[in-house]
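Undergrad: After the structure tokens below, expect a handful of questions from me.
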Amino acid sequence: MNAKVTVLQHPLIEHKLAILRNRETDNKLFRSTLEELSYLLVYEITRDLALRPVRIHTPLAPCDALQLAEQVLLVPVLRAGLGMVSGILNLIPSAKVGHVGVYRDEHTLQPVEYYFRLPPDAGSMRTFLLDPMLATGGSLAHAVELLKTKGGIERITVVSILAAPEGLEALHAAHPDVEIYAAMLDDKLNEQGYILPGLGDCGDRLFGTL
């Protein structure tokens with residue numbers, strides 16, 4: 001596996017994934033579990049954030065401490081990426097949020113852009129691109145290209161729940177500089193471009209549009 005790809009392993013991640021995969025999991029539990037799993041991923045994806053020294057006062061004495069020195073930008077790929085935002089914001093409430101609307105044409109499997117919005121000065125922010133399913137990699141590669149060309153963003157980290165080998169290969173081929181974090185690497189894609197064993201259509205399960 002490429003050095004830019006990190007597959008996270010933890011008992012709680014495995015437990016949450018089992019809930020997400022289960023076809024009996026209803027929309028409410030699916031949403032809350034995806035939020036919780038995204039919260040768990042934050043520790044790994046933010047491990048190398050820059051810090052700055054600060055001088056504070058505890059109730060008892062002055063103290064030297066460290067605080068974040070980087071502005072974090074979360075960019076969910078609509079729709080399914082929205083399910084990951086709140087869990088991360090719970091831990092980094094100061095993060096800014098942009099949006100990229102890219103969907104995969106079901107017939108051609110090619111990405112189609114329909115929305116793009118970032119906060120001012122996005123190019124100076126540490127950016128995490130959120131998409132629960134890294135399937136063919138086409139939509140994410142297109143989203144990365146938009147962040148680079150329209151947003152002027154140089155350092156981008158992709159954060160997914162499930163990834164397929166085909167998607168990882170395609171995304172790395174298009175953008176070898178991008179770091180990728182995934183909770184699990186699944187087996188393969190089926191003929192329709194869905195991850196197997198996967199968890200179904202994440203957007204539909206999030207929003208009840210099956």
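Letters A, B, ... go to the chains of the structure tokens in the order shown; residues in each chain start at 1; ligands are counted from 1 in the same order.
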Based on the backbone DSSP call, show me all residues of segment 89-207 of chain A assigned strand (DSSP E or B), as a VMD selection string.
TA: chain A and resid 96 to 97 99 to 104 111 to 117 126 to 130 133 to 134 156 to 163 179 to 185 188 to 189 195 to 196
Undergrad: Can you pull out the residues contacting segment 174-178 of chain A? Cut-off 7 Å, using only C-alpha atoms, and skip same-chain residues under 3 positions away; I want them as a PyMOL selection string.
TA: chain A and resi 4+141+156-157+170-171
Undergrad: Generate a file of the selected residues that holds C-alpha atoms, formatted as a PDB file, in the first residue's frame.
TA:
ATOM      1  CA  LYS A   4       0.392   8.238   1.666  1.00  0.00           C
ATOM      2  CA  ALA A 141      -9.948  13.224  -7.485  1.00  0.00           C
ATOM      3  CA  ILE A 156      -5.133  18.371   1.358  1.00  0.00           C
ATOM      4  CA  THR A 157      -5.931  15.303   3.439  1.00  0.00           C
ATOM      5  CA  ALA A 170      -6.956   6.127  -8.995  1.00  0.00           C
ATOM      6  CA  LEU A 171      -6.807   8.935  -6.430  1.00  0.00           C
TER       7      LEU A 171
END
Undergrad: Just the helix (DSSP H, G or I) stuff from segment 139-196 of chain A, please, per backbone DSSP, written as a PDB file with C-alpha atoms, in the first residue's frame.
TA:
ATOM      1  CA  SER A 139     -15.334  12.153  -7.606  1.00  0.00           C
ATOM      2  CA  LEU A 140     -12.690  12.642  -4.927  1.00  0.00           C
ATOM      3  CA  ALA A 141      -9.948  13.224  -7.485  1.00  0.00           C
ATOM      4  CA  HIS A 142     -12.157  15.845  -9.130  1.00  0.00           C
ATOM      5  CA  ALA A 143     -12.901  17.450  -5.748  1.00  0.00           C
ATOM      6  CA  VAL A 144      -9.177  17.610  -4.954  1.00  0.00           C
ATOM      7  CA  GLU A 145      -8.549  19.275  -8.314  1.00  0.00           C
ATOM      8  CA  LEU A 146     -11.224  21.885  -7.536  1.00  0.00           C
ATOM      9  CA  LEU A 147      -9.675  22.635  -4.144  1.00  0.00           C
ATOM     10  CA  LYS A 148      -6.283  23.108  -5.754  1.00  0.00           C
ATOM     11  CA  THR A 149      -7.349  25.169  -8.776  1.00  0.00           C
ATOM     12  CA  PRO A 165      -8.268  -0.599  -3.728  1.00  0.00           C
ATOM     13  CA  GLU A 166      -9.327   0.688  -7.152  1.00  0.00           C
ATOM     14  CA  GLY A 167     -10.262   4.077  -5.692  1.00  0.00           C
ATOM     15  CA  LEU A 168      -7.045   4.415  -3.735  1.00  0.00           C
ATOM     16  CA  GLU A 169      -5.026   3.658  -6.853  1.00  0.00           C
ATOM     17  CA  ALA A 170      -6.956   6.127  -8.995  1.00  0.00           C
ATOM     18  CA  LEU A 171      -6.807   8.935  -6.430  1.00  0.00           C
ATOM     19  CA  HIS A 172      -3.096   8.443  -5.834  1.00  0.00           C
ATOM     20  CA  ALA A 173      -2.401   8.370  -9.574  1.00  0.00           C
ATOM     21  CA  ALA A 174      -4.212  11.695 -10.019  1.00  0.00           C
TER      22      ALA A 174
END
Undergrad: Tell me which protein, DNA and RNA residues are within 7 Å of Ser160 of chain A, counting only C-alpha atoms, leaving out same-chain ones fewer than 5 positions away, and put them as a ChimeraX atom specification.
TA: /A:130-134,181-183
Undergrad: Once you have the residues from the selection above, write them out as a short mmCIF file (atom, residue, chain, number, x, y, z; two decimals), in the first residue's frame, restricted to N, CA, C and O atoms.
TA:
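The resulting file, part_24.cif, is shown below:
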data_model
loop_
_atom_site.label_atom_id
_atom_site.label_comp_id
_atom_site.auth_asym_id
_atom_site.auth_seq_id
_atom_site.Cartn_x
_atom_site.Cartn_y
_atom_site.Cartn_z
N LEU A 130 -13.72 15.47 3.12
CA LEU A 130 -14.47 14.40 3.77
C LEU A 130 -15.42 13.72 2.79
O LEU A 130 -16.28 14.37 2.19
N ASP A 131 -15.26 12.42 2.65
CA ASP A 131 -16.17 11.61 1.83
C ASP A 131 -16.16 10.20 2.40
O ASP A 131 -15.13 9.54 2.38
N PRO A 132 -17.30 9.73 2.93
CA PRO A 132 -17.30 8.42 3.60
C PRO A 132 -16.86 7.27 2.71
O PRO A 132 -16.28 6.31 3.19
N MET A 133 -17.14 7.35 1.40
CA MET A 133 -16.90 6.21 0.51
C MET A 133 -15.90 6.59 -0.58
O MET A 133 -16.22 7.37 -1.48
N LEU A 134 -14.71 6.03 -0.51
CA LEU A 134 -13.73 6.21 -1.58
C LEU A 134 -13.87 4.99 -2.49
O LEU A 134 -13.23 3.97 -2.28
N TYR A 181 -6.68 8.99 4.61
CA TYR A 181 -6.98 8.21 5.80
C TYR A 181 -8.31 7.49 5.59
O TYR A 181 -9.27 8.08 5.09
N ALA A 182 -8.37 6.22 5.96
CA ALA A 182 -9.60 5.44 5.86
C ALA A 182 -9.73 4.55 7.09
O ALA A 182 -8.72 4.07 7.63
N ALA A 183 -10.97 4.34 7.51
CA ALA A 183 -11.20 3.45 8.65
C ALA A 183 -11.06 1.99 8.26
O ALA A 183 -10.75 1.14 9.10
#
Undergrad: So that I can see what lies close to segment 113-126 of chain A, please list as a PDB file with N, CA, C and O atoms, in the first residue's frame the residues with an atom at most 8 Å from it, counting only C-alpha atoms and leaving out residues fewer than 2 positions away in the same chain.
TA:
ATOM      1  N   GLU A  70      -2.876  26.371  13.537  1.00  0.00           N
ATOM      2  CA  GLU A  70      -3.398  26.301  12.176  1.00  0.00           C
ATOM      3  C   GLU A  70      -4.911  26.430  12.168  1.00  0.00           C
ATOM      4  O   GLU A  70      -5.591  25.928  13.062  1.00  0.00           O
ATOM      5  N   GLN A  71      -5.425  27.095  11.153  1.00  0.00           N
ATOM      6  CA  GLN A  71      -6.862  27.122  10.935  1.00  0.00           C
ATOM      7  C   GLN A  71      -7.258  25.884  10.147  1.00  0.00           C
ATOM      8  O   GLN A  71      -6.717  25.620   9.070  1.00  0.00           O
ATOM      9  N   VAL A  72      -8.191  25.120  10.689  1.00  0.00           N
ATOM     10  CA  VAL A  72      -8.639  23.887  10.048  1.00  0.00           C
ATOM     11  C   VAL A  72      -9.848  24.169   9.161  1.00  0.00           C
ATOM     12  O   VAL A  72     -10.765  24.895   9.549  1.00  0.00           O
ATOM     13  N   LEU A  73      -9.846  23.591   7.980  1.00  0.00           N
ATOM     14  CA  LEU A  73     -10.970  23.697   7.047  1.00  0.00           C
ATOM     15  C   LEU A  73     -11.493  22.298   6.736  1.00  0.00           C
ATOM     16  O   LEU A  73     -10.739  21.425   6.301  1.00  0.00           O
ATOM     17  N   LYS A  96     -13.432  25.870  10.078  1.00  0.00           N
ATOM     18  CA  LYS A  96     -14.303  26.425   9.051  1.00  0.00           C
ATOM     19  C   LYS A  96     -14.834  25.269   8.198  1.00  0.00           C
ATOM     20  O   LYS A  96     -14.254  24.181   8.158  1.00  0.00           O
ATOM     21  N   VAL A  97     -15.939  25.522   7.494  1.00  0.00           N
ATOM     22  CA  VAL A  97     -16.549  24.476   6.673  1.00  0.00           C
ATOM     23  C   VAL A  97     -16.837  25.020   5.279  1.00  0.00           C
ATOM     24  O   VAL A  97     -17.515  26.036   5.133  1.00  0.00           O
ATOM     25  N   GLY A  98     -16.288  24.347   4.268  1.00  0.00           N
ATOM     26  CA  GLY A  98     -16.632  24.637   2.881  1.00  0.00           C
ATOM     27  C   GLY A  98     -17.464  23.495   2.333  1.00  0.00           C
ATOM     28  O   GLY A  98     -17.744  22.519   3.039  1.00  0.00           O
ATOM     29  N   HIS A  99     -17.861  23.581   1.083  1.00  0.00           N
ATOM     30  CA  HIS A  99     -18.669  22.520   0.487  1.00  0.00           C
ATOM     31  C   HIS A  99     -18.284  22.314  -0.982  1.00  0.00           C
ATOM     32  O   HIS A  99     -18.069  23.287  -1.710  1.00  0.00           O
ATOM     33  N   VAL A 100     -18.202  21.055  -1.366  1.00  0.00           N
ATOM     34  CA  VAL A 100     -17.990  20.698  -2.769  1.00  0.00           C
ATOM     35  C   VAL A 100     -19.093  19.741  -3.179  1.00  0.00           C
ATOM     36  O   VAL A 100     -19.301  18.712  -2.529  1.00  0.00           O
ATOM     37  N   GLY A 101     -19.807  20.097  -4.221  1.00  0.00           N
ATOM     38  CA  GLY A 101     -20.867  19.237  -4.741  1.00  0.00           C
ATOM     39  C   GLY A 101     -20.391  18.506  -5.981  1.00  0.00           C
ATOM     40  O   GLY A 101     -20.240  19.111  -7.050  1.00  0.00           O
ATOM     41  N   VAL A 102     -20.100  17.226  -5.831  1.00  0.00           N
ATOM     42  CA  VAL A 102     -19.678  16.389  -6.953  1.00  0.00           C
ATOM     43  C   VAL A 102     -20.404  15.059  -6.833  1.00  0.00           C
ATOM     44  O   VAL A 102     -20.378  14.437  -5.769  1.00  0.00           O
ATOM     45  N   TYR A 103     -21.073  14.638  -7.875  1.00  0.00           N
ATOM     46  CA  TYR A 103     -21.706  13.335  -7.831  1.00  0.00           C
ATOM     47  C   TYR A 103     -21.207  12.480  -8.992  1.00  0.00           C
ATOM     48  O   TYR A 103     -20.698  12.987  -9.999  1.00  0.00           O
ATOM     49  N   PRO A 111     -17.290  11.944 -12.646  1.00  0.00           N
ATOM     50  CA  PRO A 111     -17.735  12.975 -11.703  1.00  0.00           C
ATOM     51  C   PRO A 111     -18.389  14.154 -12.407  1.00  0.00           C
ATOM     52  O   PRO A 111     -17.966  14.562 -13.497  1.00  0.00           O
ATOM     53  N   PHE A 128      -9.168  19.296   5.219  1.00  0.00           N
ATOM     54  CA  PHE A 128      -9.559  17.890   5.256  1.00  0.00           C
ATOM     55  C   PHE A 128     -10.780  17.709   4.365  1.00  0.00           C
ATOM     56  O   PHE A 128     -11.839  18.309   4.614  1.00  0.00           O
ATOM     57  N   GLY A 151      -9.554  26.853  -5.136  1.00  0.00           N
ATOM     58  CA  GLY A 151      -9.342  27.289  -3.754  1.00  0.00           C
ATOM     59  C   GLY A 151      -7.911  27.651  -3.433  1.00  0.00           C
ATOM     60  O   GLY A 151      -7.643  28.221  -2.373  1.00  0.00           O
ATOM     61  N   GLY A 152      -6.978  27.315  -4.323  1.00  0.00           N
ATOM     62  CA  GLY A 152      -5.585  27.627  -4.057  1.00  0.00           C
ATOM     63  C   GLY A 152      -5.016  26.858  -2.882  1.00  0.00           C
ATOM     64  O   GLY A 152      -4.068  27.305  -2.228  1.00  0.00           O
ATOM     65  N   ILE A 153      -5.576  25.691  -2.590  1.00  0.00           N
ATOM     66  CA  ILE A 153      -5.162  24.899  -1.426  1.00  0.00           C
ATOM     67  C   ILE A 153      -4.085  23.909  -1.855  1.00  0.00           C
ATOM     68  O   ILE A 153      -4.255  23.161  -2.822  1.00  0.00           O
ATOM     69  N   GLU A 154      -2.988  23.884  -1.112  1.00  0.00           N
ATOM     70  CA  GLU A 154      -1.865  23.023  -1.463  1.00  0.00           C
ATOM     71  C   GLU A 154      -1.831  21.732  -0.661  1.00  0.00           C
ATOM     72  O   GLU A 154      -1.495  20.674  -1.195  1.00  0.00           O
ATOM     73  N   ARG A 155      -2.161  21.820   0.621  1.00  0.00           N
ATOM     74  CA  ARG A 155      -2.072  20.623   1.465  1.00  0.00           C
ATOM     75  C   ARG A 155      -3.472  20.104   1.765  1.00  0.00           C
ATOM     76  O   ARG A 155      -4.251  20.752   2.462  1.00  0.00           O
ATOM     77  N   ILE A 156      -3.791  18.948   1.222  1.00  0.00           N
ATOM     78  CA  ILE A 156      -5.133  18.371   1.358  1.00  0.00           C
ATOM     79  C   ILE A 156      -5.015  16.952   1.900  1.00  0.00           C
ATOM     80  O   ILE A 156      -4.208  16.161   1.427  1.00  0.00           O
TER      81      ILE A 156
END
Undergrad: Please measure the separation of atom CA of Leu8 of chain A and atom CA of Met184 of chain A, giving the value in Å to one decimal.
TA: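 Result for atom CA of Leu8 of chain A versus atom CA of Met184 of chain A: 6.8 Å, one decimal.
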Undergrad: Give me the residues near Lys188 of chain A as an NGL selection string, where near means some atom within 10 Å (using only C-alpha atoms) and where sequence neighbours in that chain fewer than 6 positions away do not count.
TA: :A and (135-136 or 163-167 or 194-198)
Undergrad: Tell me which of A:Ile88, A:Val112, A:Leu37, A:His15 sits closest to Pro76 of chain A, counting only C-alpha atoms.
TA: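 Of all the options, A:Ile88 lies closest to Pro76 of chain A.
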Undergrad: In Å, rounded to a single decimal, give me how far atom CA of Pro93 of chain A is from atom CA of Cys63 of chain A.
TA: 23.6 Å
Undergrad: At most 12 Å is the cut-off: for each residue in segment 55-163 of chain A with any atom that close to an atom of segment 20-30 of chain A, write down the nearest atom pair and the distance in Å rounded to one decimal, counting only C-alpha atoms, chain first then increasing number, as JSON lines.
TA:
{"residue": "A:Ala80", "atom": "CA", "partner": "A:Phe30", "partner_atom": "CA", "distance": 11.8}
{"residue": "A:Gly83", "atom": "CA", "partner": "A:Phe30", "partner_atom": "CA", "distance": 9.4}
{"residue": "A:Met84", "atom": "CA", "partner": "A:Phe30", "partner_atom": "CA", "distance": 11.4}
{"residue": "A:Pro132", "atom": "CA", "partner": "A:Leu20", "partner_atom": "CA", "distance": 11.1}
{"residue": "A:Ile161", "atom": "CA", "partner": "A:Leu20", "partner_atom": "CA", "distance": 9.9}
{"residue": "A:Leu162", "atom": "CA", "partner": "A:Arg21", "partner_atom": "CA", "distance": 10.3}
Undergrad: I need the chosen residues saved as a PDB file, in the first residue's frame, with all heavy atoms.
TA:
ATOM      1  N   ALA A  80     -23.050  12.853   1.098  1.00  0.00           N
ATOM      2  CA  ALA A  80     -22.688  11.937   2.178  1.00  0.00           C
ATOM      3  C   ALA A  80     -21.642  12.515   3.122  1.00  0.00           C
ATOM      4  O   ALA A  80     -21.642  12.216   4.320  1.00  0.00           O
ATOM      5  CB  ALA A  80     -22.203  10.611   1.604  1.00  0.00           C
ATOM      6  N   GLY A  83     -22.387  13.979   6.685  1.00  0.00           N
ATOM      7  CA  GLY A  83     -22.553  13.159   7.873  1.00  0.00           C
ATOM      8  C   GLY A  83     -21.314  13.074   8.737  1.00  0.00           C
ATOM      9  O   GLY A  83     -21.384  12.626   9.887  1.00  0.00           O
ATOM     10  N   MET A  84     -20.155  13.509   8.217  1.00  0.00           N
ATOM     11  CA  MET A  84     -18.912  13.447   8.960  1.00  0.00           C
ATOM     12  C   MET A  84     -18.570  14.768   9.653  1.00  0.00           C
ATOM     13  O   MET A  84     -17.709  14.815  10.531  1.00  0.00           O
ATOM     14  CB  MET A  84     -17.759  13.054   8.027  1.00  0.00           C
ATOM     15  CG  MET A  84     -17.947  11.720   7.331  1.00  0.00           C
ATOM     16  SD  MET A  84     -16.592  11.325   6.178  1.00  0.00           S
ATOM     17  CE  MET A  84     -15.225  11.095   7.320  1.00  0.00           C
ATOM     18  N   PRO A 132     -17.296   9.733   2.933  1.00  0.00           N
ATOM     19  CA  PRO A 132     -17.298   8.423   3.600  1.00  0.00           C
ATOM     20  C   PRO A 132     -16.863   7.272   2.706  1.00  0.00           C
ATOM     21  O   PRO A 132     -16.279   6.308   3.188  1.00  0.00           O
ATOM     22  CB  PRO A 132     -18.756   8.253   4.041  1.00  0.00           C
ATOM     23  CG  PRO A 132     -19.301   9.629   4.117  1.00  0.00           C
ATOM     24  CD  PRO A 132     -18.599  10.398   3.038  1.00  0.00           C
ATOM     25  N   ILE A 161     -14.432   6.729   5.294  1.00  0.00           N
ATOM     26  CA  ILE A 161     -14.752   5.606   6.172  1.00  0.00           C
ATOM     27  C   ILE A 161     -14.308   4.302   5.511  1.00  0.00           C
ATOM     28  O   ILE A 161     -13.520   3.549   6.065  1.00  0.00           O
ATOM     29  CB  ILE A 161     -16.256   5.565   6.492  1.00  0.00           C
ATOM     30  CG1 ILE A 161     -16.707   6.890   7.124  1.00  0.00           C
ATOM     31  CG2 ILE A 161     -16.568   4.389   7.428  1.00  0.00           C
ATOM     32  CD1 ILE A 161     -15.990   7.265   8.396  1.00  0.00           C
ATOM     33  N   LEU A 162     -14.805   4.042   4.318  1.00  0.00           N
ATOM     34  CA  LEU A 162     -14.429   2.846   3.571  1.00  0.00           C
ATOM     35  C   LEU A 162     -13.733   3.240   2.280  1.00  0.00           C
ATOM     36  O   LEU A 162     -14.098   4.230   1.642  1.00  0.00           O
ATOM     37  CB  LEU A 162     -15.663   2.005   3.237  1.00  0.00           C
ATOM     38  CG  LEU A 162     -16.472   1.449   4.403  1.00  0.00           C
ATOM     39  CD1 LEU A 162     -17.647   0.633   3.876  1.00  0.00           C
ATOM     40  CD2 LEU A 162     -15.608   0.607   5.320  1.00  0.00           C
TER      41      LEU A 162
END
Undergrad: Just give me the gap between atom CA of Ala50 of chain A and atom CA of Gln67 of chain A in Å, one decimal is fine.
TA: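 Going from atom CA of Ala50 of chain A over to atom CA of Gln67 of chain A, I get 8.6 Å.
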Undergrad: Counting only C-alpha atoms, which residue out of A:Leu68, A:Gln192, A:Asp204, A:Gly138 sits closest to Glu106 of chain A?
TA: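 So, comparing all the options, the nearest one is A:Gln192.
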